[in-house]
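Undergrad: Input file: start-v6.txt. Contents: compact mmCIF, C-alpha atoms.
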```txt
# COMPACT_ATOMS: atom_id res chain seq x y z
CA MET A 1 103.32 58.29 93.88
CA ALA A 2 104.74 59.03 90.43
CA GLN A 3 102.61 56.24 88.96
CA PHE A 4 99.48 57.64 90.60
CA CYS A 5 100.26 61.09 89.14
CA LEU A 6 100.72 59.57 85.70
CA PHE A 7 97.41 57.70 85.95
CA PHE A 8 95.66 60.84 87.19
CA ILE A 9 96.98 62.85 84.23
CA ALA A 10 96.00 60.07 81.83
CA ALA A 11 92.48 60.04 83.30
CA MET A 12 92.15 63.83 82.87
CA LEU A 13 93.45 63.94 79.28
CA PRO A 14 90.23 62.84 77.52
CA TYR A 15 88.31 65.54 79.42
CA VAL A 16 90.80 68.21 78.33
CA VAL A 17 90.96 66.96 74.73
CA VAL A 18 87.17 66.97 74.30
CA ASN A 19 86.58 70.33 76.00
CA LEU A 20 89.33 72.11 74.09
CA GLY A 21 88.36 70.45 70.81
CA LEU A 22 91.95 69.34 70.23
CA LYS A 23 91.32 66.04 68.45
CA VAL A 24 87.60 65.45 68.60
CA LYS A 25 85.62 68.12 66.78
CA SER A 26 82.38 67.86 68.66
CA LYS A 27 79.64 70.29 69.48
CA TYR A 28 79.39 68.59 72.87
CA LYS A 29 81.37 69.42 75.97
CA VAL A 30 81.93 67.43 79.14
CA PHE A 31 80.74 69.30 82.22
CA MET A 32 82.75 68.42 85.31
CA GLY A 33 80.55 70.21 87.83
CA ASP A 34 81.31 70.98 91.45
CA SER A 35 81.80 67.38 92.50
CA GLY A 36 84.28 66.72 89.71
CA SER A 37 86.26 69.88 90.35
CA PHE A 38 86.26 69.18 94.10
CA LEU A 39 87.62 65.70 93.42
CA VAL A 40 90.36 67.04 91.13
CA GLY A 41 91.29 69.78 93.61
CA PHE A 42 91.27 67.40 96.56
CA THR A 43 93.45 64.91 94.68
CA ILE A 44 96.00 67.57 93.75
CA VAL A 45 96.17 68.92 97.31
CA TRP A 46 96.41 65.38 98.70
CA LEU A 47 99.33 64.66 96.34
CA LEU A 48 101.08 67.89 97.35
CA VAL A 49 100.62 67.18 101.07
CA PHE A 50 101.90 63.65 100.56
CA ALA A 51 104.90 64.97 98.59
CA THR A 52 105.86 67.52 101.25
CA GLN A 53 105.42 65.59 104.49
CA GLN A 54 107.27 62.83 106.27
CA PHE A 55 105.36 59.56 106.48
CA ASP A 56 106.37 56.14 107.77
CA GLY A 57 109.75 57.24 109.09
CA LEU A 58 110.90 59.17 106.02
CA SER A 59 113.60 61.74 106.67
CA ASP A 60 113.59 65.32 105.36
CA GLU A 61 115.86 64.23 102.52
CA GLN A 62 113.31 61.63 101.36
CA VAL A 63 110.33 63.95 100.83
CA ALA A 64 109.71 64.95 97.22
CA MET A 65 109.63 68.72 97.85
CA ARG A 66 109.42 71.40 100.49
CA PRO A 67 106.01 72.85 101.43
CA VAL A 68 106.79 76.27 99.95
CA THR A 69 107.31 74.62 96.55
CA ALA A 70 103.77 73.23 96.72
CA LEU A 71 102.49 76.80 97.18
CA TRP A 72 104.17 77.86 93.95
CA ILE A 73 102.89 74.80 92.08
CA ILE A 74 99.24 75.63 92.92
CA ALA A 75 99.80 79.40 93.01
CA ILE A 76 97.07 80.48 90.58
CA PRO A 77 94.18 78.43 92.01
CA LEU A 78 95.27 79.30 95.55
CA MET A 79 95.70 83.02 94.89
CA ASP A 80 92.47 83.16 92.87
CA MET A 81 90.50 81.52 95.67
CA ALA A 82 91.94 83.91 98.27
CA THR A 83 91.42 86.93 95.99
CA VAL A 84 87.78 86.04 95.35
CA MET A 85 87.13 85.64 99.08
CA ILE A 86 88.84 88.95 99.86
CA LYS A 87 86.90 90.80 97.15
CA ARG A 88 83.61 89.33 98.36
CA ALA A 89 84.42 90.30 101.94
CA MET A 90 85.32 93.85 100.79
CA LYS A 91 81.87 94.06 99.18
CA LYS A 92 80.31 92.72 102.42
CA ARG A 93 79.10 89.57 100.65
CA SER A 94 79.37 85.99 101.78
CA PRO A 95 82.75 84.56 100.70
CA LEU A 96 80.87 81.39 99.73
CA LYS A 97 78.25 83.01 97.47
CA ALA A 98 78.92 82.52 93.78
CA ASP A 99 79.69 85.47 91.54
CA ARG A 100 81.78 86.29 88.48
CA THR A 101 84.98 87.47 90.15
CA HIS A 102 87.27 84.50 89.44
CA ILE A 103 90.24 85.30 87.22
CA HIS A 104 88.77 83.66 84.10
CA HIS A 105 85.60 85.76 84.42
CA VAL A 106 87.67 88.92 84.89
CA LEU A 107 89.83 88.14 81.84
CA ILE A 108 86.80 87.41 79.66
CA ALA A 109 85.07 90.59 80.86
CA SER A 110 88.29 92.43 79.95
CA GLY A 111 87.85 91.36 76.32
CA LEU A 112 89.71 88.06 76.04
CA THR A 113 88.06 85.01 74.52
CA ALA A 114 87.65 81.91 76.67
CA LYS A 115 90.61 80.22 74.97
CA GLN A 116 92.79 83.34 75.34
CA ALA A 117 91.89 83.50 79.03
CA LEU A 118 92.76 79.81 79.42
CA ALA A 119 96.07 80.32 77.64
CA SER A 120 96.92 83.36 79.77
CA ILE A 121 96.09 81.58 83.02
CA SER A 122 98.00 78.47 81.93
CA VAL A 123 101.13 80.44 81.00
CA LEU A 124 101.03 82.32 84.31
CA ALA A 125 100.46 79.10 86.27
CA LEU A 126 103.36 77.38 84.49
CA ALA A 127 105.64 80.37 85.09
CA LEU A 128 104.85 80.47 88.81
CA ALA A 129 105.22 76.69 89.14
CA GLY A 130 108.56 77.08 87.35
CA VAL A 131 109.67 79.64 89.94
CA GLY A 132 108.83 77.18 92.71
CA ILE A 133 110.57 74.28 91.02
CA PHE A 134 113.63 76.44 90.30
CA GLY A 135 113.72 77.45 93.99
CA GLU A 136 113.44 73.79 94.96
CA LEU A 137 116.25 72.71 92.64
CA THR A 138 118.56 75.51 93.76
CA GLN A 139 117.55 74.98 97.42
CA GLU A 140 116.66 78.65 97.84
CA ASP A 141 115.88 79.49 101.45
CA GLU A 142 112.24 78.67 102.28
CA SER A 143 111.64 82.02 103.97
CA VAL A 144 112.82 83.84 100.83
CA MET A 145 110.57 81.69 98.65
CA PHE A 146 107.60 82.25 100.98
CA GLY A 147 108.23 86.01 101.09
CA ALA A 148 108.40 86.10 97.30
CA PHE A 149 105.16 84.11 97.11
CA MET A 150 103.39 86.56 99.43
CA GLN A 151 104.67 89.51 97.36
CA MET A 152 103.39 87.80 94.22
CA PHE A 153 100.02 87.33 95.90
CA VAL A 154 99.79 91.05 96.73
CA VAL A 155 100.62 91.91 93.10
CA TYR A 156 98.09 89.34 91.86
CA LEU A 157 95.39 90.77 94.14
CA ALA A 158 96.08 94.36 93.07
CA VAL A 159 96.14 93.52 89.36
CA ASN A 160 92.99 91.42 89.66
CA ILE A 161 91.08 94.21 91.43
CA ALA A 162 92.28 96.78 88.88
CA MET A 163 91.28 94.52 85.97
CA GLU A 164 87.83 93.92 87.46
CA ARG A 165 87.26 97.66 87.88
CA LYS A 166 88.42 98.31 84.31
CA ALA A 167 86.15 95.54 82.98
CA ARG A 168 83.20 96.89 84.99
CA LYS A 169 83.86 100.38 83.58
CA ARG A 170 84.07 98.93 80.06
CA VAL A 171 80.70 97.20 80.48
CA THR A 172 79.14 100.43 81.84
CA GLU A 173 80.43 102.38 78.83
CA LEU A 174 78.96 99.83 76.42
CA THR A 175 75.49 100.07 77.95
```
Starting from the file, give its structure as structure tokens.

TA:
Amino acid sequence: MAQFCLFFIAAMLPYVVVNLGLKVKSKYKVFMGDSGSFLVGFTIVWLLVFATQQFDGLSDEQVAMRPVTALWIIAIPLMDMATVMIKRAMKKRSPLKADRTHIHHVLIASGLTAKQALASISVLALALAGVGIFGELTQEDESVMFGAFMQMFVVYLAVNIAMERKARKRVTELT
């Protein structure tokens, strides 16, 4: 499984390098599209399920991590998806209809550049994953970790809604 993760990261690196302009200064970008992002998301979730479940007679001690740790590792995409669906439902819109309420849109509408938004989201994602990994290493009780995750989700939802309102007000003032 570790080898597969390494190969997956190696396969994603050229995409990241080109799109962030890290080594290759190019006016072109690589567009992943829905199918590409679905594949990446599915692969990550598949790896997390595989890492948290018992297969082929493995005992609890042989799984790579507990399920609550997986929640923390994918906290930002998971919370963003749930937040977007909740906000769409609050506006009586289809939770599947596209709009500009994902966290990166909200951050950009709040005045951040695309790279600043990416950096902010990345730092937050790493911090939350770090909380989960720390809880895993210290064997913190799963119910405590899950409760903390749910509290973090409520904070994330409230901050996201407040930021979207502030950004909407900012846009209204500019027009």

Undergrad: With all atoms listed in the file as the basis for distance, which of A:Ser110, A:Asn19, A:Gln3, A:Thr52 is at the shortest distance from Arg170 (chain A)?

TA: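 Among the listed residues, A:Ser110 lies closest to Arg170 (chain A).
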
Undergrad: Leaving out Ala167 (chain A) and any residue of its chain fewer than 3 positions from it, which residues lie within 12 Å of it when counting all atoms listed in the file, given as a short mmCIF file (atom, residue, chain, number, x, y, z; two decimals) with C-alpha atoms, in the coordinates of the input?

TA:
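Okay, around-v8.cif is ready:
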```
data_model
loop_
_atom_site.label_atom_id
_atom_site.label_comp_id
_atom_site.auth_asym_id
_atom_site.auth_seq_id
_atom_site.Cartn_x
_atom_site.Cartn_y
_atom_site.Cartn_z
CA ARG A 100 81.78 86.29 88.48
CA THR A 101 84.98 87.47 90.15
CA ILE A 103 90.24 85.30 87.22
CA HIS A 105 85.60 85.76 84.42
CA VAL A 106 87.67 88.92 84.89
CA LEU A 107 89.83 88.14 81.84
CA ILE A 108 86.80 87.41 79.66
CA ALA A 109 85.07 90.59 80.86
CA SER A 110 88.29 92.43 79.95
CA GLY A 111 87.85 91.36 76.32
CA LEU A 112 89.71 88.06 76.04
CA ASN A 160 92.99 91.42 89.66
CA ILE A 161 91.08 94.21 91.43
CA ALA A 162 92.28 96.78 88.88
CA MET A 163 91.28 94.52 85.97
CA GLU A 164 87.83 93.92 87.46
CA ARG A 170 84.07 98.93 80.06
CA VAL A 171 80.70 97.20 80.48
CA THR A 172 79.14 100.43 81.84
CA GLU A 173 80.43 102.38 78.83
CA LEU A 174 78.96 99.83 76.42
#
```

Undergrad: Expressed in Å to a single decimal, how great is the separation between CA of Leu48 (chain A) and CA of Ser94 (chain A)?

TA: 28.6 Å

Undergrad: Mind giving me the straight-line distance from CA of Pro77 (chain A) to CA of Ala125 (chain A) in Å, one decimal?

TA: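 Atom-to-atom, CA of Pro77 (chain A) and CA of Ala125 (chain A) are spaced 8.5 Å apart.
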
Undergrad: Let me make sure I understand: among A:Tyr28, A:Tyr156, A:Phe55, A:Tyr15, which one has the smallest atom-to-atom distance to Met81 (chain A) if we use all atoms listed in the file?

TA: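 Of all the options, A:Tyr156 lies closest to Met81 (chain A).
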
Undergrad: One decimal, in Å: what's the spacing between CA of Leu118 (chain A) and CA of Met1 (chain A)?

TA: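 Computed distance, CA of Leu118 (chain A) to CA of Met1 (chain A), equals 28.0 Å.
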
Undergrad: Between A:Val131, A:Met145, A:Ala98, A:Met152, single out the one closest to Pro67 (chain A), counting only C-alpha atoms.

TA: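 That would be A:Met145, the residue with the smallest distance to Pro67 (chain A).
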